[in-house]
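**Q** Before I ask anything, here is the structure I am working with.
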Protein chains: 4
Amino acid sequence: MKSVSVGIVGASGYSGEELVRLLLNHPHAELTTVTSRQYAGQTLAQVFPRFAHFPKARAIRFTESKPELVAKTAQVVFLALPHGVAAEYAVPLLEQGCQVIDLSADFRLKSPAVYQEFYGHEHPAPDLLAKSVYGLPEVYREQIRTASLVASPGCYPTSILLPTLPLIRAGLINPNSIIADSMSGVSGAGRKAEIDYLFCECNESVRPYGVPKHRHLSEIEQELAVAAGSPVVIQFTPHLIPVNRGILTTLYLAPAKHFSTADEAAALNKAIAETYAKTYADEPFVRVLEGKALPDTKNVVGTAVCEFGWRLDPRTGRLVVMSAIDNVVKGASGQAVHSMNLICGYPETAGLL
Amino acid sequence: MKSVSVGIVGASGYSGEELVRLLLNHPHAELTTVTSRQYAGQTLAQVFPRFAHFPKARAIRFTESKPELVAKTAQVVFLALPHGVAAEYAVPLLEQGCQVIDLSADFRLKSPAVYQEFYGHEHPAPDLLAKSVYGLPEVYREQIRTASLVASPGCYPTSILLPTLPLIRAGLINPNSIIADSMSGVSGAGRKAEIDYLFCECNESVRPYGVPKHRHLSEIEQELAVAAGSPVVIQFTPHLIPVNRGILTTLYLAPAKHFSTADEAAALNKAIAETYAKTYADEPFVRVLEGKALPDTKNVVGTAVCEFGWRLDPRTGRLVVMSAIDNVVKGASGQAVHSMNLICGYPETAGLL
Amino acid sequence: MKSVSVGIVGASGYSGEELVRLLLNHPHAELTTVTSRQYAGQTLAQVFPRFAHFPKARAIRFTESKPELVAKTAQVVFLALPHGVAAEYAVPLLEQGCQVIDLSADFRLKSPAVYQEFYGHEHPAPDLLAKSVYGLPEVYREQIRTASLVASPGCYPTSILLPTLPLIRAGLINPNSIIADSMSGVSGAGRKAEIDYLFCECNESVRPYGVPKHRHLSEIEQELAVAAGSPVVIQFTPHLIPVNRGILTTLYLAPAKHFSTADEAAALNKAIAETYAKTYADEPFVRVLEGKALPDTKNVVGTAVCEFGWRLDPRTGRLVVMSAIDNVVKGASGQAVHSMNLICGYPETAGLL
Amino acid sequence: MKSVSVGIVGASGYSGEELVRLLLNHPHAELTTVTSRQYAGQTLAQVFPRFAHFPKARAIRFTESKPELVAKTAQVVFLALPHGVAAEYAVPLLEQGCQVIDLSADFRLKSPAVYQEFYGHEHPAPDLLAKSVYGLPEVYREQIRTASLVASPGCYPTSILLPTLPLIRAGLINPNSIIADSMSGVSGAGRKAEIDYLFCECNESVRPYGVPKHRHLSEIEQELAVAAGSPVVIQFTPHLIPVNRGILTTLYLAPAKHFSTADEAAALNKAIAETYAKTYADEPFVRVLEGKALPDTKNVVGTAVCEFGWRLDPRTGRLVVMSAIDNVVKGASGQAVHSMNLICGYPETAGLL
């Protein structure tokens, strides 16, 4: 299989570091370029000592983040940059013929107005929004294969969309009833020197934040609306918990059709199971839990898997769905590599098992 | 102020240990007796080395858990025993004239049938249910003062009831709309040698459990129903997170009256603020957060304080309330000592600041 | 007992916060003033929400750090400032007649040359070095009582000096044989926004640092030399481990007199036990472990206690001593309050149990 | 390359689980058999949900631990059993012609008397001790290639031997001067339901244990003696710290030749660097740190790498060496797979990068 040259722009944060890990282990990708203003001149091994046993990590040096130079050495370029900044790089890279997989929020939304509402500034490259593909392979597999610009989904959205979209499409739940309560590991906050994310501020602490209008709502509601065929508004509360990695989302959903008897419950349970089976039976990175199993982030950390389970509550008439992902892998870099595999025609699980 | 002699039956778990800590520091309580089958004969200092700088901890030895002996040396007796077992001790201790503060679930429910439904066995002493007082001082202060049997509330219920009861009483929310999503530290699982609670099984892990019908629902719904004047059914999902202590509960509530305009939102916000102020302004252990503050378990760990804040979400029309407690202090031993202070006529905050 | 007015200069770090906690709970100290450039104007409760249930924390506002203003409202002033800066405040405060308890390294060393060697700049107030008292109450109790300037010891030095000084004074060990291997919680690094101390950089990580010449060596060797009556050089390696608080130090010591037979070992063991008993039997904050007990930081966290145990190793002829403290309490703020109690004539344990 | 059939006896603990992970990802090994008394009948995916995305994990079921059955389906058998029990399985498996890689301590010691001294019972199969090879590939590579019984080293020994053996062989240090101070993650204690290893007992805690005569001393001293050509006795103190994985060992060593001038120090430094380079330049899993770098367990967790750095201390004349490994990978299962690669003639890094 033909190998592809790959670059990472902004490889100094946690997503960038995980991209490095995945690409160093990838059977077909050839990591050629990593950029970072802060680390330019240093080798990958110096900046991330954990990779020093890879000869390539001792050879590759960080360069300045110049698109024209990156385009010369890389066919596929991952952008691991803050939102607002990513767009500046995407435009010239696309012009040079690269395929761009952006991990920021810059190209996830179809509407520049919604972008401005949630991100607080005008969209820097609105023309590209129509061109970009939302990089959720389970939903947009075919479009990703031929995309030149992939907007890789956010971590919370991934944990929320995978369990809800099939139910909405099947008409089993009321999309506007969704309440998503999520807990995220601290890597989700990025590798930023801020007091709030110091060890002693996070350890032995749990706290909600971004209530009630977190930025990720915009892409979640956009994708739910596509599935529902009409606008959707949901409730979402993220919390910060003292783990490095992992998101656990508990979803409270109202079935579209009220159930009350045991028979109705059994029928609904069956419909849910069949819907999930039909959607995900062949998906390599979605695991629908069976029997008494409930998700646990420790079962997905380090993998590109999203696992989830559900329970009907006959007392309240609600459906409770619980999902777990690794926010840095399935929620960021692993999903981005999945998109690269699709673009390049590699096996979908290449480098991801 | 006259001191009171105090005993703890079953002092070898986390609640028992915390009772020891609070009582060794209490200005008026005289800890005379601690019992434990497992540790009988050893001193408090041997079993809990962290207390060894208290002379009393080097002097007091664990004894066998015999009610007739405990009653001879203690006027107030805390039961820190598993449910089902606590009742066996409460009966003879009450007969001997002790005041009993039970930290188990045995006397929290008024209905033996509900007890059996949720705890899986017949209630061992149903006659006492009418006599016991639910030990939530903010609600049952006056009844606790004269109680001989206090059923100290569970940890989750405490974190859920304090923020919701005033709103229900004021008619501001629909009680049957309540969804409570809670995260608890591992001490909540008790000091039990089980694989599930090993360090390596809990660290770097988040997981739901007891879905959808956790035992604590029974007492939560009982107390909500008292406030509402009619039966209440709620949704509740507990999660285990890798902290020693702390519960963070996020509550999703439907306002009784729909709001849509900014004016309606402001009016509702004001009504909530006034209701909380009226209820809790003078409460020493309830902290209603103001401004942009959100709760954080690290701000309450080690204290008997419940702190909470709220946000109206104009997009969904819901009210989101977030509360934090230390599950072992406000959620167990500290609240039990608060009851003792009421029973003995001590200042409510004695030994708890 | 007459209360004393107290100020804290630089109360925004972990030592400052712990001083606030201890002083809010102190029966005789009246906290009047807290200063912080960063937080000037805000209340204690706003900056440290965990204290918000203390009425005083809602009343006291941070002020600018101006010595002349602090001196007007505080008789005893704690300096919780970086080294080099503390001296700037100590001079004017002493001139205004305050008693100053400095938690920085500025006044711990008697020799300005050693200060310059280890701290990299000229000592800012060398005249005061002769005046200052090293604030280790177990050693300098009487001098502290009458001191106007107390240099409160570092955290590592406290964990190393308490177990070794009595053995050196008794001639039982060779002082130049000391190897001290220490592990510290992350609060020891201070409340600084640096990448190295982010949650994800410290969690699931252990690492040595400051090898082989950590700054604390200077004060450790100074005090060991006082006990030995001649210069001492030791080996010291600190490590950072993922706990909020706590230092565990393991000391490797060569007995002054070689032992080989079981009788010699027993005699040495007895001599050590007697030396420790003689020195520490009446000390409220030193706990010499007996029997099979070994120290554990969780037994001292939150307290001003140093606990330690020892083992003779007949295979190697060495004495291994292991000690544990809370680096923020006994290693900083608690020990400083102990000094305040001595200065003010309060019971030594006031506010510290 | 020809694949090999592989079995794991006792696959329910942390080492067993890690073997499963490594073997599921191994390009040439075919995991056919996993045994566990406790889990017999369940699939790998049921017992270890984190592997459920591997089709093989959903297919393989745990069987009873019967050697004759294991031998029918596996050419290479890993024993992940408690010491004392492993020998019972090794004997019949060897008789059936399997190659056995034992992760317990049963075959690490050459002397049955030393085994009895340190493990408290007679050796169950002393005849096999001469036959077994100590599975440290960096030392016994050639012997492992042809071994039928490999005794895979303990975790602490691995972290101590790799940095010290070359220095001893080169005559650069005095072997009897070695002091090894180690910190281990809690997985080192195994997956045992004991109070001491509960989350709340380990989190926010650091503690020494097994002082002064830990069992691992026996194999450490045996291998040091081989390098030194004469008996060696060392000092070793293990500590338990709240991480899942990782061992950090700090070694205090006396250079064989005293150094005092800067030139002597430089010469010694050069000799050490050259010795390490000569020994480890081509080793895929040993990383000698350069420049200012110091080891950090987070750089080796999940890998089979041992990284270490050193500092000469001109003040004390000692050499301080600090090493880091993942106790479950390089310290157990990864090193065992390395041995399998050698036995089977696979590339040494197969399945380990």
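Each chain of the structure tokens is named A, B, ... in the order shown, its residues numbered from 1; ligands are numbered from 1 in display order.
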May I ask you to extract the residues of chain C within 12 Å of chain B, using only C-alpha atoms, and to give them as a VMD selection string?
**A** chain C and resid 21 to 22 24 to 26 45 to 55 58 200 203 to 204 242 to 244 281 to 308 324 to 326 349 351 to 353
**Q** What's the 8 Å shell around Glu18 (chain C), counting only C-alpha atoms, without same-chain residues fewer than 3 positions away, as a PDB file with N, CA, C and O atoms, in the first residue's frame?
**A**
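In the end it all went to out_34.pdb:
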```pdb
ATOM      1  N   TYR C  14      -0.450  28.541  48.168  1.00  0.00           N
ATOM      2  CA  TYR C  14      -0.941  27.450  49.010  1.00  0.00           C
ATOM      3  C   TYR C  14      -0.581  27.637  50.486  1.00  0.00           C
ATOM      4  O   TYR C  14      -1.375  27.314  51.360  1.00  0.00           O
ATOM      5  N   SER C  15       0.603  28.169  50.777  1.00  0.00           N
ATOM      6  CA  SER C  15       0.958  28.420  52.175  1.00  0.00           C
ATOM      7  C   SER C  15       0.076  29.517  52.750  1.00  0.00           C
ATOM      8  O   SER C  15      -0.381  29.433  53.897  1.00  0.00           O
ATOM      9  N   ARG C  21      -6.644  29.351  56.655  1.00  0.00           N
ATOM     10  CA  ARG C  21      -7.456  28.297  57.267  1.00  0.00           C
ATOM     11  C   ARG C  21      -7.148  28.163  58.757  1.00  0.00           C
ATOM     12  O   ARG C  21      -8.045  28.108  59.600  1.00  0.00           O
ATOM     13  N   LEU C  22      -5.863  28.098  59.075  1.00  0.00           N
ATOM     14  CA  LEU C  22      -5.471  27.882  60.462  1.00  0.00           C
ATOM     15  C   LEU C  22      -5.846  29.078  61.331  1.00  0.00           C
ATOM     16  O   LEU C  22      -6.282  28.914  62.478  1.00  0.00           O
ATOM     17  N   VAL C 328       2.458  21.414  53.666  1.00  0.00           N
ATOM     18  CA  VAL C 328       1.870  22.744  53.814  1.00  0.00           C
ATOM     19  C   VAL C 328       1.584  23.071  55.287  1.00  0.00           C
ATOM     20  O   VAL C 328       1.495  24.228  55.661  1.00  0.00           O
ATOM     21  N   VAL C 329       1.424  22.042  56.127  1.00  0.00           N
ATOM     22  CA  VAL C 329       1.118  22.317  57.543  1.00  0.00           C
ATOM     23  C   VAL C 329       2.422  22.256  58.351  1.00  0.00           C
ATOM     24  O   VAL C 329       3.058  23.283  58.597  1.00  0.00           O
ATOM     25  N   SER C 333       2.869  26.286  56.932  1.00  0.00           N
ATOM     26  CA  SER C 333       1.989  27.198  57.662  1.00  0.00           C
ATOM     27  C   SER C 333       1.689  26.755  59.085  1.00  0.00           C
ATOM     28  O   SER C 333       1.579  27.579  59.990  1.00  0.00           O
ATOM     29  N   GLY C 334       1.531  25.469  59.296  1.00  0.00           N
ATOM     30  CA  GLY C 334       1.237  24.992  60.649  1.00  0.00           C
ATOM     31  C   GLY C 334       2.416  25.236  61.576  1.00  0.00           C
ATOM     32  O   GLY C 334       2.248  25.673  62.725  1.00  0.00           O
TER      33      GLY C 334
END
```
**Q** Please provide as a list in words all residues within 12 Å of Ala225 (chain D), with the sequence filter that same-chain residues fewer than 3 positions apart are discarded (counting only C-alpha atoms).
**A**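 Near neighbours after the sequence-gap exclusion: Lys110, Leu161, Thr164, Leu165, Ile168, Arg169, Asn174, Pro175, Asn176, Leu217, Ser218, Glu219, Ile220, Glu221, Gln222, Ala228, Gly229, Ser230, Pro231, Val232, Val233 and Ile234 of chain D.
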**Q** Please identify which residues in region 224-285 of chain B DSSP calls alpha helix (DSSP H) from the backbone, and express them as a list in words.
**A** Leu224, Ala225, Val226, Ala227, Ala228, Ala262, Asp263, Glu264, Ala265, Ala266, Ala267, Leu268, Asn269, Lys270, Ala271, Ile272, Ala273, Glu274, Thr275, Tyr276, Ala277, Lys278, Thr279 and Tyr280 of chain B
**Q** State, in Å with one decimal place, the distance from CA of Ala147 (chain B) to CA of Arg61 (chain B).
**A**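 Interatomic distance here is 28.9 Å.
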**Q** Residues of region 131-300 of chain B in strand (DSSP E or B) according to DSSP, as a ChimeraX atom specification?
**A** /B:133-134,149-151,173,179-184,198,207-208,235-240,247-253,255,286-288
**Q** Set the distance at 9 Å and use only C-alpha atoms: which residues neighbour region 340-347 of chain B once local chain neighbours fewer than 2 positions away are removed? I'd like the list as a PyMOL selection string.
**A** chain B and resi 1-4+28+76+99+101+137+141-142+144-148+335-338+349-351
**Q** Find, counting only C-alpha atoms, the residue in B:Arg245, B:Lys278, B:Lys330, B:His258 that gets nearest to Gly190 (chain B).
**A**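 Going through B:Arg245, B:Lys278, B:Lys330, B:His258 one by one, the smallest distance to Gly190 (chain B) is for B:Arg245.
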**Q** For the atom pair CA of Cys155 (chain B) and CA of Ala170 (chain B), what is the interatomic distance in Å to one decimal place?
**A**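 Answer for the CA of Cys155 (chain B) to CA of Ala170 (chain B) separation: 24.1 Å.
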**Q** Taking 5 positions as the minimum chain separation for residues in the same chain, which residues sit within 10 Å of Phe62 (chain B) when counting only C-alpha atoms? Answer as a list in words.
**A** Ile8, Val9, Gly10, Ala11, Ser12, Thr33, Val34, Thr35, Ser36, Arg37, Gln38, Tyr39, Ala40, Gly41, Gln42, Thr43, Leu44, Gln46 and Val47 of chain B
**Q** Just all heavy atoms for this one: save the residues we selected as a short mmCIF file (atom, residue, chain, number, x, y, z; two decimals), in the first residue's frame.
**A**
```cif
data_model
loop_
_atom_site.label_atom_id
_atom_site.label_comp_id
_atom_site.auth_asym_id
_atom_site.auth_seq_id
_atom_site.Cartn_x
_atom_site.Cartn_y
_atom_site.Cartn_z
N ILE B 8 -19.84 5.22 69.39
CA ILE B 8 -19.99 4.93 67.95
C ILE B 8 -19.98 3.42 67.80
O ILE B 8 -19.01 2.75 68.18
CB ILE B 8 -18.83 5.51 67.11
CG1 ILE B 8 -18.63 6.99 67.41
CG2 ILE B 8 -19.09 5.28 65.62
CD1 ILE B 8 -17.36 7.56 66.78
N VAL B 9 -21.04 2.88 67.24
CA VAL B 9 -21.09 1.44 66.99
C VAL B 9 -20.73 1.19 65.53
O VAL B 9 -21.38 1.73 64.63
CB VAL B 9 -22.50 0.88 67.31
CG1 VAL B 9 -22.57 -0.61 66.95
CG2 VAL B 9 -22.83 1.09 68.78
N GLY B 10 -19.69 0.41 65.33
CA GLY B 10 -19.25 0.13 63.95
C GLY B 10 -18.37 1.23 63.43
O GLY B 10 -18.63 1.82 62.38
N ALA B 11 -17.30 1.50 64.16
CA ALA B 11 -16.50 2.67 63.84
C ALA B 11 -15.33 2.36 62.93
O ALA B 11 -14.34 3.09 62.91
CB ALA B 11 -16.00 3.32 65.14
N SER B 12 -15.40 1.31 62.14
CA SER B 12 -14.22 0.93 61.37
C SER B 12 -14.27 1.35 59.90
O SER B 12 -13.30 1.20 59.17
CB SER B 12 -14.03 -0.58 61.44
OG SER B 12 -15.16 -1.23 60.91
N THR B 33 -16.86 5.50 73.80
CA THR B 33 -16.97 4.12 73.37
C THR B 33 -16.94 4.03 71.85
O THR B 33 -17.67 4.76 71.18
CB THR B 33 -18.33 3.52 73.83
OG1 THR B 33 -18.51 3.85 75.20
CG2 THR B 33 -18.35 2.02 73.64
N VAL B 34 -16.09 3.16 71.34
CA VAL B 34 -16.15 2.85 69.91
C VAL B 34 -16.15 1.33 69.80
O VAL B 34 -15.41 0.64 70.51
CB VAL B 34 -14.96 3.44 69.11
CG1 VAL B 34 -15.02 4.95 69.06
CG2 VAL B 34 -13.62 2.98 69.69
N THR B 35 -16.97 0.82 68.94
CA THR B 35 -17.04 -0.63 68.82
C THR B 35 -16.72 -1.07 67.40
O THR B 35 -16.91 -0.33 66.45
CB THR B 35 -18.45 -1.18 69.18
OG1 THR B 35 -19.28 -1.11 68.03
CG2 THR B 35 -19.07 -0.41 70.33
N SER B 36 -16.21 -2.28 67.31
CA SER B 36 -15.92 -2.90 66.01
C SER B 36 -15.57 -4.35 66.27
O SER B 36 -14.68 -4.64 67.07
CB SER B 36 -14.73 -2.19 65.35
OG SER B 36 -14.12 -3.05 64.42
N ARG B 37 -16.27 -5.23 65.61
CA ARG B 37 -15.96 -6.65 65.74
C ARG B 37 -14.51 -6.90 65.36
O ARG B 37 -13.76 -7.56 66.05
CB ARG B 37 -16.87 -7.44 64.81
CG ARG B 37 -17.32 -8.77 65.37
CD ARG B 37 -18.35 -9.38 64.44
NE ARG B 37 -18.21 -8.82 63.08
CZ ARG B 37 -19.00 -9.11 62.06
NH1 ARG B 37 -20.02 -9.94 62.25
NH2 ARG B 37 -18.83 -8.57 60.88
N GLN B 38 -14.14 -6.28 64.25
CA GLN B 38 -12.85 -6.54 63.63
C GLN B 38 -11.67 -6.02 64.46
O GLN B 38 -10.60 -6.63 64.51
CB GLN B 38 -12.89 -5.84 62.27
CG GLN B 38 -11.70 -5.98 61.39
CD GLN B 38 -11.91 -5.15 60.11
OE1 GLN B 38 -12.91 -4.44 59.95
NE2 GLN B 38 -10.95 -5.24 59.22
N TYR B 39 -11.86 -4.88 65.12
CA TYR B 39 -10.74 -4.21 65.77
C TYR B 39 -10.80 -4.26 67.30
O TYR B 39 -9.99 -3.61 67.97
CB TYR B 39 -10.66 -2.76 65.33
CG TYR B 39 -10.36 -2.59 63.86
CD1 TYR B 39 -11.19 -1.83 63.04
CD2 TYR B 39 -9.23 -3.17 63.29
CE1 TYR B 39 -10.91 -1.67 61.69
CE2 TYR B 39 -8.95 -3.01 61.94
CZ TYR B 39 -9.79 -2.26 61.15
OH TYR B 39 -9.51 -2.10 59.82
N ALA B 40 -11.75 -5.03 67.85
CA ALA B 40 -11.92 -5.04 69.30
C ALA B 40 -10.58 -5.30 69.99
O ALA B 40 -9.84 -6.20 69.62
CB ALA B 40 -12.94 -6.10 69.69
N GLY B 41 -10.26 -4.48 71.00
CA GLY B 41 -9.02 -4.64 71.73
C GLY B 41 -7.96 -3.63 71.34
O GLY B 41 -7.07 -3.31 72.13
N GLN B 42 -8.03 -3.14 70.12
CA GLN B 42 -7.03 -2.16 69.66
C GLN B 42 -7.47 -0.74 70.04
O GLN B 42 -8.64 -0.45 70.20
CB GLN B 42 -6.85 -2.25 68.15
CG GLN B 42 -6.33 -3.61 67.70
CD GLN B 42 -6.01 -3.64 66.22
OE1 GLN B 42 -5.29 -2.78 65.71
NE2 GLN B 42 -6.56 -4.61 65.51
N THR B 43 -6.48 0.14 70.15
CA THR B 43 -6.83 1.54 70.43
C THR B 43 -7.23 2.24 69.14
O THR B 43 -6.89 1.81 68.04
CB THR B 43 -5.64 2.32 71.03
OG1 THR B 43 -4.61 2.40 70.05
CG2 THR B 43 -5.10 1.64 72.29
N LEU B 44 -7.93 3.35 69.32
CA LEU B 44 -8.28 4.19 68.17
C LEU B 44 -7.02 4.59 67.40
O LEU B 44 -7.01 4.61 66.17
CB LEU B 44 -8.96 5.48 68.66
CG LEU B 44 -10.48 5.50 68.69
CD1 LEU B 44 -10.95 6.85 69.21
CD2 LEU B 44 -11.04 5.26 67.28
N GLN B 46 -4.27 2.99 67.11
CA GLN B 46 -3.70 1.88 66.33
C GLN B 46 -4.47 1.66 65.03
O GLN B 46 -3.88 1.41 63.99
CB GLN B 46 -3.70 0.60 67.17
CG GLN B 46 -2.64 0.61 68.27
CD GLN B 46 -2.79 -0.53 69.25
OE1 GLN B 46 -3.91 -0.90 69.61
NE2 GLN B 46 -1.68 -1.07 69.72
N VAL B 47 -5.76 1.77 65.12
CA VAL B 47 -6.59 1.51 63.94
C VAL B 47 -6.57 2.70 62.98
O VAL B 47 -6.51 2.54 61.77
CB VAL B 47 -8.03 1.16 64.36
CG1 VAL B 47 -8.94 1.04 63.14
CG2 VAL B 47 -8.03 -0.12 65.17
#
```
**Q** Excluding Lys257 (chain C) and its own-chain neighbours fewer than 6 positions away, which residues fall within 10 Å of it when counting only C-alpha atoms? Please give them as an mmCIF file with C-alpha atoms, in the first residue's frame.
**A**
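New file result34.cif:
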```cif
data_model
loop_
_atom_site.group_PDB
_atom_site.id
_atom_site.type_symbol
_atom_site.label_atom_id
_atom_site.label_comp_id
_atom_site.auth_asym_id
_atom_site.auth_seq_id
_atom_site.Cartn_x
_atom_site.Cartn_y
_atom_site.Cartn_z
ATOM 1 C CA GLY C 171 26.401 10.539 68.698
ATOM 2 C CA LEU C 172 24.520 7.553 67.341
ATOM 3 C CA ILE C 173 25.006 8.219 63.644
ATOM 4 C CA ASN C 174 27.671 9.607 61.388
ATOM 5 C CA GLU C 264 24.675 -5.081 69.261
ATOM 6 C CA LEU C 268 21.559 0.203 69.183
ATOM 7 C CA GLY C 317 24.568 -2.287 58.853
#
```
**Q** Quick check, in Å to one decimal: how far apart do CA of Met322 (chain C) and CA of Thr250 (chain C) lie?
**A**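 It comes out at 4.4 Å.
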**Q** Do you know which residues are at most 9 Å from Ile195 (chain A) counting only C-alpha atoms, after dropping those on the same chain fewer than 6 positions away, and could you put them as a PyMOL selection string?
**A** (chain A and resi 201) or (chain C and resi 191-194+198)
